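K.L.:
Submitted below is the structure of interest, expressed as structure tokens.
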Amino acid sequence: MSAVFDLTAELIRRPSVTPDDVGCQALLAERLARVGFTVEHLRYGEVDNLWATHGEGGPLLMFLGHTDVVPTGPVGQWQSDPFEPVVRDGHLYGRGAADMKGSVAAMAVALEQFVTAHPDHRGRVGFLMTSDEEGPTNLDGVRRVAEHLRSTGERIDWCVVGEPSSKTTLGDLIRVGRRGSLSGTLTVHGVQGHVAYPEKAKNPIHAFAPALAELAAERWDEGNADFPSTSFQVSNLNAGTGASNVIPGTLTALINFRYSTASRAEDLRARTEAMLSKHGLDYRIDWNLSGEPFLSPAGGALRDTVVDVCRELCGIEPEQSTGGGTSDGRFIAPLGAEVVELGPVNATIHKVDECVLVSDLEKLPSLYQAICERLLG
């Protein structure tokens, strides 16, 4: 079909469920090395990371993605083998087609074409892949590579993330920032006992209920022009022994803040703990900051370039959004980078029969190459 189609299909055939890369990065590294990229393999724990660069001096434009995919779910519910690419009705089906092996292939092909056409281009282009984006911790993926790049004095000026950002048409939405994510594991201690003798026990469910009501009702901030207001959610709540006649001794709640640049993580932690203490709870809370919020401001060179490319090559005015969850861009933004996410339609990601429109896949390399041309050509 084409270079990007063939490469996407070859990547889909590799069942690279987190954190297994199954040779995806070796394939990509070999291709980029053939056109003059310097390749560095960074393996931390069970995670493979690939960092490849071309050119000298600055500025540096990075393309960021991941080779890992989520599990398939019930294979019998797929119309075809999830790790055997199949075209039906103009769509390429397979796990990772949209999230994000199509983008990975498109970025690799775009970089091959760009450096072949411009071997002495201005600055440098970089290509960073990890096999630990879809996992629960992301400890040894881009987070760890960012620490390595910082320690070597590397500065990233611009970062294009290939996450599937589009809603219904390629280029109709780009992400120009993301909210931060702060999670907590809360344990409330009580005293276990018989339900018939509550005076001899202390029910942590009853004790926590007023505090939970206050946490859920709190207006944490008002958001701002770029972000909605901060949200608080309880994702898991567990207590009890399974017996109907036993008052539990402990309660565990998993909580999460998705917060904007209008709040700081340390303030959210302090306000939460103040509410819990006010209600006299005997508790412990372990916090995990998954990522700070980031925003590529209007007027930035990368943001304006991506908008222009979508407008000119896709014939659409892209929505410039900070919605959705988190991406690995949160680890690159603190290195000084302007970060923008541009990728295919996300309607089927993580679903049975994940797919990407073949015509979108064929067009995607031209978008990424145009970004290179305008910033470094």
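Quick note on naming: the chains in the structure tokens go A, B, ... in the order shown, residues restart at 1 in each chain, and ligands are numbered from 1 in order of appearance.
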May I have the residues within 12 Å of A:His189 as a PyMOL selection string, using only C-alpha atoms and disregarding those fewer than 3 positions away in the same chain?

P.N.:
chain A and resi 186+192+201-208+239-240+247-253+280-285

K.L.:
Show me, as a PDB file with all heavy atoms, in the first residue's frame, the residues that have an atom within 6 Å of A:Thr230 when counting only C-alpha atoms, minus same-chain residues fewer than 5 positions from it.

P.N.:
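The resulting out-v2.pdb:
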ATOM      1  N   TRP A 220     -12.994  23.413  44.330  1.00  0.00           N
ATOM      2  CA  TRP A 220     -11.555  23.478  44.540  1.00  0.00           C
ATOM      3  C   TRP A 220     -10.923  24.678  43.874  1.00  0.00           C
ATOM      4  O   TRP A 220      -9.946  25.239  44.378  1.00  0.00           O
ATOM      5  CB  TRP A 220     -10.912  22.180  44.062  1.00  0.00           C
ATOM      6  CG  TRP A 220     -11.417  21.000  44.834  1.00  0.00           C
ATOM      7  CD1 TRP A 220     -12.442  20.176  44.497  1.00  0.00           C
ATOM      8  CD2 TRP A 220     -10.956  20.555  46.114  1.00  0.00           C
ATOM      9  NE1 TRP A 220     -12.661  19.236  45.477  1.00  0.00           N
ATOM     10  CE2 TRP A 220     -11.747  19.447  46.478  1.00  0.00           C
ATOM     11  CE3 TRP A 220      -9.945  20.971  46.980  1.00  0.00           C
ATOM     12  CZ2 TRP A 220     -11.566  18.751  47.678  1.00  0.00           C
ATOM     13  CZ3 TRP A 220      -9.752  20.284  48.168  1.00  0.00           C
ATOM     14  CH2 TRP A 220     -10.561  19.189  48.508  1.00  0.00           C
ATOM     15  N   ARG A 258      -8.171  15.775  39.127  1.00  0.00           N
ATOM     16  CA  ARG A 258      -7.693  16.254  37.840  1.00  0.00           C
ATOM     17  C   ARG A 258      -7.759  17.776  37.940  1.00  0.00           C
ATOM     18  O   ARG A 258      -8.845  18.352  38.014  1.00  0.00           O
ATOM     19  CB  ARG A 258      -8.563  15.724  36.696  1.00  0.00           C
ATOM     20  CG  ARG A 258      -8.447  14.209  36.511  1.00  0.00           C
ATOM     21  CD  ARG A 258      -6.992  13.803  36.224  1.00  0.00           C
ATOM     22  NE  ARG A 258      -6.795  12.371  36.336  1.00  0.00           N
ATOM     23  CZ  ARG A 258      -6.663  11.559  35.296  1.00  0.00           C
ATOM     24  NH1 ARG A 258      -6.735  12.038  34.072  1.00  0.00           N
ATOM     25  NH2 ARG A 258      -6.460  10.264  35.485  1.00  0.00           N
ATOM     26  N   TYR A 259      -6.578  18.381  37.962  1.00  0.00           N
ATOM     27  CA  TYR A 259      -6.534  19.790  38.357  1.00  0.00           C
ATOM     28  C   TYR A 259      -5.869  20.665  37.301  1.00  0.00           C
ATOM     29  O   TYR A 259      -5.029  20.217  36.515  1.00  0.00           O
ATOM     30  CB  TYR A 259      -5.834  19.940  39.706  1.00  0.00           C
ATOM     31  CG  TYR A 259      -4.355  19.649  39.735  1.00  0.00           C
ATOM     32  CD1 TYR A 259      -3.426  20.679  39.753  1.00  0.00           C
ATOM     33  CD2 TYR A 259      -3.889  18.334  39.772  1.00  0.00           C
ATOM     34  CE1 TYR A 259      -2.069  20.419  39.796  1.00  0.00           C
ATOM     35  CE2 TYR A 259      -2.531  18.063  39.825  1.00  0.00           C
ATOM     36  CZ  TYR A 259      -1.624  19.104  39.833  1.00  0.00           C
ATOM     37  OH  TYR A 259      -0.282  18.848  39.870  1.00  0.00           O
ATOM     38  N   SER A 260      -6.284  21.893  37.318  1.00  0.00           N
ATOM     39  CA  SER A 260      -5.846  22.855  36.325  1.00  0.00           C
ATOM     40  C   SER A 260      -4.663  23.667  36.847  1.00  0.00           C
ATOM     41  O   SER A 260      -4.213  23.497  37.987  1.00  0.00           O
ATOM     42  CB  SER A 260      -7.008  23.808  35.996  1.00  0.00           C
ATOM     43  OG  SER A 260      -7.231  24.705  37.077  1.00  0.00           O
TER      44      SER A 260
END

K.L.:
Please provide as a PyMOL selection string all residues within 8 Å of stretch 176-178 of chain A, with the sequence filter that same-chain residues fewer than 6 positions apart are discarded (counting only C-alpha atoms).

P.N.:
chain A and resi 293-297+303+320-327+330+339-341

K.L.:
Going by DSSP on the backbone, which residues of stretch 29-66 of chain A come out as strand (DSSP E or B)? List them as a list in words.

P.N.:
Thr38, Val39, Glu40, His41, Leu42, Arg43, Tyr44, Val47, Asp48, Asn49, Leu50, Trp51, Ala52, Thr53, His54, Gly55, Leu60, Leu61, Met62, Phe63, Leu64, Gly65 and His66 of chain A

K.L.:
Which one is closest to A:Arg124: A:Leu364, A:Leu342, A:Leu60, A:Val104? Count only C-alpha atoms.

P.N.:
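Ranked by minimum distance to A:Arg124, first place goes to A:Leu60.
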
K.L.:
Hey, can you check how far atom CA of A:Val70 sits from atom CA of A:Pro228?

P.N.:
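Distance reported for this atom pair: 28.4 Å.
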